[in-house]
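my_file18.cif follows; it contains mmCIF, C-alpha atoms.
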data_structure
#
loop_
_atom_site.group_PDB
_atom_site.id
_atom_site.type_symbol
_atom_site.label_atom_id
_atom_site.label_comp_id
_atom_site.auth_asym_id
_atom_site.auth_seq_id
_atom_site.Cartn_x
_atom_site.Cartn_y
_atom_site.Cartn_z
ATOM 1 C CA MET A 1 63.465 -11.861 13.129
ATOM 2 C CA SER A 2 65.052 -15.260 13.648
ATOM 3 C CA HIS A 3 68.654 -15.763 12.567
ATOM 4 C CA MET A 4 68.497 -19.519 13.033
ATOM 5 C CA THR A 5 68.403 -22.417 10.596
ATOM 6 C CA LEU A 6 67.786 -26.043 11.500
ATOM 7 C CA THR A 7 68.345 -28.682 8.834
ATOM 8 C CA THR A 8 68.875 -32.401 8.563
ATOM 9 C CA GLU A 9 72.039 -33.335 6.653
ATOM 10 C CA GLY A 10 72.906 -36.730 5.227
ATOM 11 C CA ASP A 11 71.349 -39.664 7.017
ATOM 12 C CA CYS A 12 72.551 -39.066 10.579
ATOM 13 C CA GLU A 13 72.927 -35.334 11.250
ATOM 14 C CA VAL A 14 70.853 -32.419 12.469
ATOM 15 C CA VAL A 15 72.566 -29.028 12.018
ATOM 16 C CA VAL A 16 71.621 -25.733 13.683
ATOM 17 C CA ARG A 17 73.192 -22.415 12.661
ATOM 18 C CA ARG A 18 72.681 -19.119 14.526
ATOM 19 C CA ARG A 19 74.333 -15.676 14.659
ATOM 20 C CA PHE A 20 74.953 -13.809 17.921
ATOM 21 C CA ALA A 21 75.891 -10.177 18.577
ATOM 22 C CA ALA A 22 78.695 -11.140 20.983
ATOM 23 C CA SER A 23 82.227 -12.460 20.675
ATOM 24 C CA PRO A 24 82.927 -16.171 20.071
ATOM 25 C CA GLN A 25 84.469 -16.395 23.560
ATOM 26 C CA GLU A 26 81.308 -15.006 25.197
ATOM 27 C CA VAL A 27 78.972 -17.348 23.290
ATOM 28 C CA TYR A 28 81.315 -20.268 24.025
ATOM 29 C CA ASP A 29 81.349 -19.403 27.759
ATOM 30 C CA ALA A 30 77.534 -19.229 27.842
ATOM 31 C CA HIS A 31 77.453 -22.867 26.617
ATOM 32 C CA LEU A 32 79.671 -24.127 29.483
ATOM 33 C CA ASP A 33 78.966 -21.922 32.527
ATOM 34 C CA PRO A 34 76.527 -23.691 34.909
ATOM 35 C CA GLU A 35 75.379 -20.310 36.257
ATOM 36 C CA LEU A 36 74.542 -18.966 32.782
ATOM 37 C CA ILE A 37 73.101 -22.101 31.117
ATOM 38 C CA PRO A 38 69.884 -22.244 33.228
ATOM 39 C CA GLN A 39 69.238 -18.588 32.358
ATOM 40 C CA TRP A 40 68.795 -19.378 28.659
ATOM 41 C CA MET A 41 68.810 -23.099 27.711
ATOM 42 C CA THR A 42 65.192 -23.641 28.772
ATOM 43 C CA GLY A 43 63.220 -23.774 25.504
ATOM 44 C CA PRO A 44 59.540 -22.821 25.675
ATOM 45 C CA ASP A 45 58.315 -20.290 28.260
ATOM 46 C CA GLY A 46 57.317 -21.861 31.550
ATOM 47 C CA TRP A 47 60.182 -24.359 31.571
ATOM 48 C CA THR A 48 63.099 -24.056 34.007
ATOM 49 C CA MET A 49 66.400 -25.871 34.620
ATOM 50 C CA PRO A 50 66.545 -26.548 38.368
ATOM 51 C CA VAL A 51 69.746 -28.627 38.100
ATOM 52 C CA CYS A 52 72.718 -27.730 35.884
ATOM 53 C CA ARG A 53 76.093 -29.383 36.345
ATOM 54 C CA ASN A 54 78.918 -28.743 33.865
ATOM 55 C CA ASP A 55 82.447 -28.764 35.214
ATOM 56 C CA GLY A 56 83.881 -27.279 32.009
ATOM 57 C CA ARG A 57 86.872 -29.619 31.606
ATOM 58 C CA VAL A 58 87.707 -32.328 29.059
ATOM 59 C CA GLY A 59 86.424 -35.656 30.339
ATOM 60 C CA GLY A 60 84.043 -33.832 32.681
ATOM 61 C CA GLN A 61 80.403 -34.707 33.172
ATOM 62 C CA LEU A 62 77.201 -32.830 32.271
ATOM 63 C CA ARG A 63 73.846 -33.140 33.928
ATOM 64 C CA TYR A 64 70.941 -30.854 32.960
ATOM 65 C CA GLU A 65 67.454 -31.304 34.454
ATOM 66 C CA TRP A 66 64.426 -29.507 33.027
ATOM 67 C CA ALA A 67 61.051 -28.947 34.706
ATOM 68 C CA GLY A 68 57.856 -28.013 32.873
ATOM 69 C CA PRO A 69 54.925 -25.809 33.918
ATOM 70 C CA GLU A 70 52.674 -28.802 34.597
ATOM 71 C CA GLY A 71 55.115 -30.819 36.731
ATOM 72 C CA GLN A 72 56.601 -32.748 33.802
ATOM 73 C CA GLY A 73 60.345 -33.001 33.322
ATOM 74 C CA PHE A 74 63.302 -34.812 31.816
ATOM 75 C CA HIS A 75 67.079 -34.722 32.071
ATOM 76 C CA LEU A 76 70.220 -35.395 30.092
ATOM 77 C CA THR A 77 73.693 -36.542 31.008
ATOM 78 C CA GLY A 78 76.850 -36.226 28.952
ATOM 79 C CA GLU A 79 80.612 -35.958 28.779
ATOM 80 C CA LEU A 80 82.824 -33.183 27.418
ATOM 81 C CA LEU A 81 85.206 -34.630 24.801
ATOM 82 C CA VAL A 82 86.985 -31.626 23.241
ATOM 83 C CA LEU A 83 87.283 -28.027 24.479
ATOM 84 C CA GLU A 84 89.031 -25.382 22.340
ATOM 85 C CA PRO A 85 88.338 -22.169 24.297
ATOM 86 C CA GLY A 86 86.351 -19.648 22.283
ATOM 87 C CA ARG A 87 86.277 -21.922 19.233
ATOM 88 C CA ARG A 88 84.845 -25.403 19.620
ATOM 89 C CA ILE A 89 83.068 -27.770 22.031
ATOM 90 C CA VAL A 90 82.532 -31.471 21.364
ATOM 91 C CA HIS A 91 80.412 -33.447 23.775
ATOM 92 C CA VAL A 92 78.281 -36.551 23.832
ATOM 93 C CA GLU A 93 74.845 -36.565 25.462
ATOM 94 C CA ARG A 94 71.824 -38.756 25.962
ATOM 95 C CA MET A 95 68.361 -37.754 27.162
ATOM 96 C CA PHE A 96 66.290 -39.656 29.710
ATOM 97 C CA LEU A 97 62.610 -39.543 28.730
ATOM 98 C CA PRO A 98 62.769 -41.454 31.147
ATOM 99 C CA ASP A 99 64.450 -44.241 29.106
ATOM 100 C CA PRO A 100 67.863 -43.201 27.779
ATOM 101 C CA THR A 101 68.101 -42.199 24.113
ATOM 102 C CA PRO A 102 71.159 -43.384 22.117
ATOM 103 C CA ASP A 103 74.260 -41.218 22.414
ATOM 104 C CA ASN A 104 74.162 -38.016 20.403
ATOM 105 C CA ARG A 105 77.588 -36.528 19.508
ATOM 106 C CA VAL A 106 77.359 -32.736 19.408
ATOM 107 C CA GLU A 107 80.031 -30.484 17.898
ATOM 108 C CA THR A 108 79.486 -26.756 18.474
ATOM 109 C CA ILE A 109 81.738 -24.355 16.563
ATOM 110 C CA PHE A 110 82.011 -20.583 17.177
ATOM 111 C CA VAL A 111 83.441 -18.504 14.320
ATOM 112 C CA PRO A 112 83.928 -14.698 14.258
ATOM 113 C CA ASP A 113 81.342 -13.095 11.959
ATOM 114 C CA GLY A 114 81.729 -9.332 11.605
ATOM 115 C CA GLU A 115 81.130 -7.880 15.087
ATOM 116 C CA GLY A 116 79.545 -11.114 16.266
ATOM 117 C CA THR A 117 79.666 -14.882 16.082
ATOM 118 C CA LEU A 118 78.327 -17.564 13.783
ATOM 119 C CA MET A 119 77.583 -20.708 15.789
ATOM 120 C CA THR A 120 77.158 -24.092 14.087
ATOM 121 C CA MET A 121 75.883 -26.985 16.206
ATOM 122 C CA ARG A 122 76.130 -30.339 14.450
ATOM 123 C CA MET A 123 74.383 -33.276 16.138
ATOM 124 C CA THR A 124 75.502 -36.656 14.792
ATOM 125 C CA LEU A 125 73.533 -39.779 15.637
ATOM 126 C CA PRO A 126 75.129 -43.227 15.274
ATOM 127 C CA ASP A 127 72.872 -44.232 12.356
ATOM 128 C CA PRO A 128 69.735 -43.128 10.447
ATOM 129 C CA GLU A 129 67.534 -45.300 12.682
ATOM 130 C CA THR A 130 68.726 -43.399 15.740
ATOM 131 C CA ARG A 131 68.121 -39.987 14.194
ATOM 132 C CA ARG A 132 64.670 -41.170 13.222
ATOM 133 C CA ALA A 133 64.025 -42.375 16.784
ATOM 134 C CA MET A 134 65.366 -39.130 18.271
ATOM 135 C CA LEU A 135 63.132 -36.957 16.121
ATOM 136 C CA ALA A 136 60.163 -39.244 16.748
ATOM 137 C CA SER A 137 60.729 -39.361 20.530
ATOM 138 C CA GLY A 138 60.671 -35.568 20.748
ATOM 139 C CA MET A 139 57.244 -35.692 19.136
ATOM 140 C CA GLU A 140 56.111 -38.559 21.328
ATOM 141 C CA HIS A 141 56.723 -36.788 24.581
ATOM 142 C CA GLY A 142 54.068 -34.212 24.061
ATOM 143 C CA MET A 143 56.219 -31.114 24.112
ATOM 144 C CA GLU A 144 54.616 -29.861 20.931
ATOM 145 C CA ALA A 145 51.634 -28.128 22.526
ATOM 146 C CA GLY A 146 53.895 -25.793 24.489
ATOM 147 C CA TYR A 147 56.081 -25.200 21.482
ATOM 148 C CA VAL A 148 53.134 -24.364 19.275
ATOM 149 C CA ARG A 149 51.861 -21.845 21.844
ATOM 150 C CA LEU A 150 55.331 -20.350 21.954
ATOM 151 C CA GLU A 151 55.503 -20.223 18.185
ATOM 152 C CA ASP A 152 52.179 -18.347 18.075
ATOM 153 C CA ARG A 153 53.471 -15.867 20.606
ATOM 154 C CA LEU A 154 56.732 -15.341 18.723
ATOM 155 C CA ALA A 155 54.849 -14.925 15.467
ATOM 156 C CA GLY A 156 52.637 -12.305 17.158
ATOM 157 C CA ARG A 157 55.664 -10.414 18.422
ATOM 158 C CA ARG A 158 57.282 -10.442 14.994
ATOM 159 C CA GLY A 159 54.067 -9.432 13.237
ATOM 160 C CA MET B 1 61.398 -48.589 18.881
ATOM 161 C CA ILE B 2 58.324 -46.567 18.155
ATOM 162 C CA ALA B 3 56.750 -48.652 15.427
ATOM 163 C CA GLY B 4 53.549 -47.532 13.807
ATOM 164 C CA GLN B 5 53.891 -43.831 14.545
ATOM 165 C CA PRO B 6 53.217 -41.734 11.447
ATOM 166 C CA LEU B 7 56.291 -39.561 11.960
ATOM 167 C CA ASP B 8 58.436 -42.650 12.480
ATOM 168 C CA ALA B 9 57.297 -44.081 9.137
ATOM 169 C CA THR B 10 57.961 -40.744 7.431
ATOM 170 C CA LEU B 11 61.509 -40.507 8.794
ATOM 171 C CA GLN B 12 62.270 -44.137 7.985
ATOM 172 C CA ALA B 13 61.018 -43.632 4.440
ATOM 173 C CA LEU B 14 63.189 -40.509 4.052
ATOM 174 C CA ALA B 15 66.308 -42.175 5.505
ATOM 175 C CA ASP B 16 67.107 -43.866 2.168
ATOM 176 C CA PRO B 17 68.771 -41.953 -0.706
ATOM 177 C CA THR B 18 66.960 -43.949 -3.435
ATOM 178 C CA ARG B 19 63.597 -43.130 -1.865
ATOM 179 C CA ARG B 20 64.540 -39.448 -1.645
ATOM 180 C CA ALA B 21 65.472 -39.583 -5.346
ATOM 181 C CA ILE B 22 62.099 -41.180 -6.147
ATOM 182 C CA LEU B 23 60.334 -38.351 -4.274
ATOM 183 C CA ALA B 24 62.409 -35.783 -6.170
ATOM 184 C CA ARG B 25 61.379 -37.438 -9.469
ATOM 185 C CA LEU B 26 57.690 -37.472 -8.449
ATOM 186 C CA ALA B 27 57.894 -33.792 -7.517
ATOM 187 C CA GLU B 28 58.182 -33.215 -11.291
ATOM 188 C CA GLY B 29 55.047 -35.247 -12.027
ATOM 189 C CA GLU B 30 53.487 -38.704 -11.768
ATOM 190 C CA ALA B 31 55.355 -41.826 -12.950
ATOM 191 C CA THR B 32 54.864 -45.589 -13.028
ATOM 192 C CA VAL B 33 57.219 -47.972 -11.204
ATOM 193 C CA GLY B 34 58.817 -48.830 -14.576
ATOM 194 C CA GLU B 35 59.392 -45.155 -15.332
ATOM 195 C CA LEU B 36 60.800 -44.614 -11.842
ATOM 196 C CA ALA B 37 63.222 -47.554 -12.238
ATOM 197 C CA ARG B 38 64.714 -46.254 -15.491
ATOM 198 C CA PRO B 39 67.270 -43.731 -14.093
ATOM 199 C CA PHE B 40 68.430 -46.132 -11.344
ATOM 200 C CA SER B 41 70.920 -48.975 -11.670
ATOM 201 C CA ILE B 42 68.720 -51.265 -9.588
ATOM 202 C CA SER B 43 65.973 -53.683 -10.569
ATOM 203 C CA GLN B 44 62.279 -52.890 -10.938
ATOM 204 C CA PRO B 45 61.379 -55.242 -8.017
ATOM 205 C CA ALA B 46 63.813 -53.290 -5.813
ATOM 206 C CA ILE B 47 62.158 -50.022 -6.874
ATOM 207 C CA SER B 48 58.769 -51.630 -6.134
ATOM 208 C CA ARG B 49 59.893 -52.308 -2.567
ATOM 209 C CA HIS B 50 60.948 -48.656 -2.125
ATOM 210 C CA VAL B 51 57.601 -47.549 -3.595
ATOM 211 C CA LYS B 52 55.807 -49.768 -1.070
ATOM 212 C CA VAL B 53 57.663 -48.107 1.837
ATOM 213 C CA LEU B 54 56.770 -44.655 0.484
ATOM 214 C CA LEU B 55 53.122 -45.703 0.064
ATOM 215 C CA GLU B 56 52.950 -47.039 3.630
ATOM 216 C CA ALA B 57 54.488 -43.831 4.964
ATOM 217 C CA GLY B 58 51.764 -41.858 3.186
ATOM 218 C CA LEU B 59 54.354 -39.901 1.208
ATOM 219 C CA ILE B 60 53.031 -41.035 -2.193
ATOM 220 C CA SER B 61 49.807 -42.466 -3.583
ATOM 221 C CA GLN B 62 49.199 -44.821 -6.477
ATOM 222 C CA SER B 63 46.138 -44.865 -8.734
ATOM 223 C CA VAL B 64 44.874 -47.287 -11.387
ATOM 224 C CA ASP B 65 44.595 -45.887 -14.904
ATOM 225 C CA GLY B 66 43.821 -48.810 -17.237
ATOM 226 C CA ALA B 67 47.013 -50.875 -17.364
ATOM 227 C CA ARG B 68 49.041 -48.055 -15.821
ATOM 228 C CA ARG B 69 49.444 -47.610 -12.067
ATOM 229 C CA PRO B 70 51.050 -44.168 -11.775
ATOM 230 C CA CYS B 71 52.564 -42.930 -8.503
ATOM 231 C CA ARG B 72 52.372 -39.327 -7.368
ATOM 232 C CA LEU B 73 53.346 -37.292 -4.291
ATOM 233 C CA ALA B 74 50.671 -37.451 -1.578
ATOM 234 C CA ARG B 75 49.374 -34.126 -0.360
ATOM 235 C CA GLY B 76 50.357 -33.523 3.293
ATOM 236 C CA GLY B 77 52.744 -36.492 3.487
ATOM 237 C CA LEU B 78 55.476 -34.415 5.119
ATOM 238 C CA ASP B 79 53.195 -32.502 7.510
ATOM 239 C CA ASP B 80 54.189 -34.529 10.616
ATOM 240 C CA LEU B 81 57.896 -34.059 9.967
ATOM 241 C CA ASP B 82 57.451 -30.361 9.209
ATOM 242 C CA ALA B 83 55.433 -29.926 12.399
ATOM 243 C CA TYR B 84 58.079 -31.630 14.525
ATOM 244 C CA LEU B 85 61.017 -29.769 13.004
ATOM 245 C CA SER B 86 59.175 -26.471 13.443
ATOM 246 C CA THR B 87 58.517 -27.200 17.148
ATOM 247 C CA LEU B 88 62.186 -28.084 17.690
ATOM 248 C CA ARG B 89 63.147 -24.931 15.806
ATOM 249 C CA ALA B 90 60.796 -22.816 17.951
ATOM 250 C CA ALA B 91 62.189 -24.271 21.210
ATOM 251 C CA LEU B 92 65.805 -23.627 20.177
ATOM 252 C CA ASP B 93 64.852 -20.212 18.875
ATOM 253 C CA ALA B 94 63.300 -19.298 22.249
ATOM 254 C CA SER B 95 66.505 -20.393 24.041
ATOM 255 C CA TYR B 96 68.762 -18.450 21.703
ATOM 256 C CA GLN B 97 66.636 -15.273 21.991
ATOM 257 C CA ARG B 98 67.101 -15.578 25.763
ATOM 258 C CA LEU B 99 70.856 -15.995 25.196
ATOM 259 C CA ASP B 100 70.852 -12.817 23.057
ATOM 260 C CA ARG B 101 69.362 -10.871 25.992
ATOM 261 C CA LEU B 102 71.827 -12.466 28.425
ATOM 262 C CA LEU B 103 74.824 -11.606 26.234
ATOM 263 C CA ALA B 104 73.781 -8.010 25.488
ATOM 264 C CA PRO B 105 74.602 -6.435 28.904
ATOM 265 C CA ARG B 106 77.842 -8.446 29.138
ATOM 266 C CA THR B 107 78.994 -7.122 25.777
ATOM 267 C CA GLN B 108 78.096 -3.530 26.764
ATOM 268 C CA LYS B 109 79.815 -3.894 30.149
ATOM 269 C CA LYS B 110 82.980 -5.171 28.522
ATOM 270 C CA GLY B 111 82.842 -2.198 26.126
ATOM 271 C CA ARG B 112 82.683 0.271 29.032
ATOM 272 C CA GLU B 113 85.596 -1.372 30.817
ATOM 273 C CA GLN B 114 87.884 -1.065 27.834
ATOM 274 C CA PRO B 115 90.166 2.028 27.893
#
Structure translated into structure tokens:
Amino acid sequence: MSHMTLTTEGDCEVVVRRRFAASPQEVYDAHLDPELIPQWMTGPDGWTMPVCRNDGRVGGQLRYEWAGPEGQGFHLTGELLVLEPGRRIVHVERMFLPDPTPDNRVETIFVPDGEGTLMTMRMTLPDPETRRAMLASGMEHGMEAGYVRLEDRLAGRRG
Amino acid sequence: MIAGQPLDATLQALADPTRRAILARLAEGEATVGELARPFSISQPAISRHVKVLLEAGLISQSVDGARRPCRLARGGLDDLDAYLSTLRAALDASYQRLDRLLAPRTQKKGREQP
């Protein structure tokens, strides 16, 4: 069963909420450690992250590169703005598809929730036009076929 | 900009609070432009412009009924947006399920190491 919600809020935000059976510090670390990130942040099956740079310090740079099963790929770059260990990460990122998307400010908060953690990731785009373009560009780049296959598989596993 | 894409038109149409309010009103049943304008503090021509955007995005339809031209929600108008959000949701969900598996042995290991 999925514990995740994804909603649009206001005119400029996309908000994802998810519970994890691990401490806030562990979930926080998994979002910053360049050895751990490629082991999970890869989306649909068949995709990998051959390059992951995250130096884990305020003002530091991010670079994540993804590769798809049919030779396709894209990357993002970003900067870490705020780091409150075990509690909160604020960074800015843009994707290259291959043209750069407008900057997306991402605040990820980790709050203790019983034995685990409630994570809230709030993506804020500069204006409604940009959110619209971001959502539309994801569609445009043909990732949906893989996602739909994945969704079928997940539905089968749940059923 | 990605003009002319159906999803793009849907998102642009939904980006305005007055248009979302019009959709909420039409979810209760059909209404003419005059009826739609009544609860808002803006003019009927302004409402007409919002209605035109919603029509072009395929979110509503308008029929002719004598002198009345009632608007109603269009079936399937939000399908593109729903499809995209569900693919994004599925991709994130796949990543987070992988993170669950990655975190599980770490949590157990930490448990064993504690006195």
Find the spatial neighbours of stretch 3-16 of chain A, counting all atoms listed in the file, within a cut-off of 12 Å - ignore same-chain residues fewer than 5 positions away - and output them as an MDAnalysis selection string. (chainID A and resid 21 104:109 117:135) or (chainID B and resid 11:17 20 81:82 84:97 100)
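Between atom CA of A:Trp66 and atom CA of A:Arg94 there is a distance of 13.8 Å.
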For the atom pair atom CA of B:Gln44 and atom CA of B:Ala27, what is the interatomic distance in Å to one decimal place?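 Answer for the atom CA of B:Gln44 to atom CA of B:Ala27 separation: 19.9 Å.
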Applied to the shown file, which residues does the PyMOL selection byres ((chain B and resi 61) around 9) return, written as a PyMOL selection string? chain B and resi 54-55+58-60+62-63+70-75
Nearest residue to A:Met95 out of A:Pro34, A:Pro50, A:Gly116, A:Gly73, using only C-alpha atoms? A:Gly73
I'd like the residues picked by the PyMOL selection byres ((chain A and resi 33) around 10) written out as a ChimeraX atom specification, using the chain letters and numbers from the file. /A:28-32,34-38,52-56
Can you turn the PyMOL selection byres ((chain A and resi 112) around 10) into a concrete residue list for this file, as a ChimeraX atom specification? /A:19-20,22-25,86-87,110-111,113-119
Atom CA of A:Gln72 to atom CA of A:Gly46, straight-line distance in Å: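 That distance, rounded to one decimal, is 11.1 Å.
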Using 6 Å of padding on each side, determine the axis-aligned box around all atoms of stretch 17-31 of chain B present in the file and give its centre and edge lengths in Å to one decimal, as JSON.
{"center_x": 61.1, "center_y": -38.6, "center_z": -6.8, "size_x": 27.3, "size_y": 22.7, "size_z": 24.2}
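The smallest atom-to-atom distance between chain B and any of A:Glu70, A:Asp99, A:Glu84, A:Glu65, using all atoms listed in the file, is found for A:Asp99.
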Using all atoms listed in the file, give me every residue within 6 Å of (84.1, -35.4, 30.3) in file coordinates, as a PDB file with C-alpha atoms, keeping the file's coordinate frame.
ATOM      1  CA  VAL A  58      87.707 -32.328  29.059  1.00  0.00           C
ATOM      2  CA  GLY A  59      86.424 -35.656  30.339  1.00  0.00           C
ATOM      3  CA  GLY A  60      84.043 -33.832  32.681  1.00  0.00           C
ATOM      4  CA  GLN A  61      80.403 -34.707  33.172  1.00  0.00           C
ATOM      5  CA  GLU A  79      80.612 -35.958  28.779  1.00  0.00           C
ATOM      6  CA  LEU A  80      82.824 -33.183  27.418  1.00  0.00           C
ATOM      7  CA  LEU A  81      85.206 -34.630  24.801  1.00  0.00           C
TER       8      LEU A  81
END
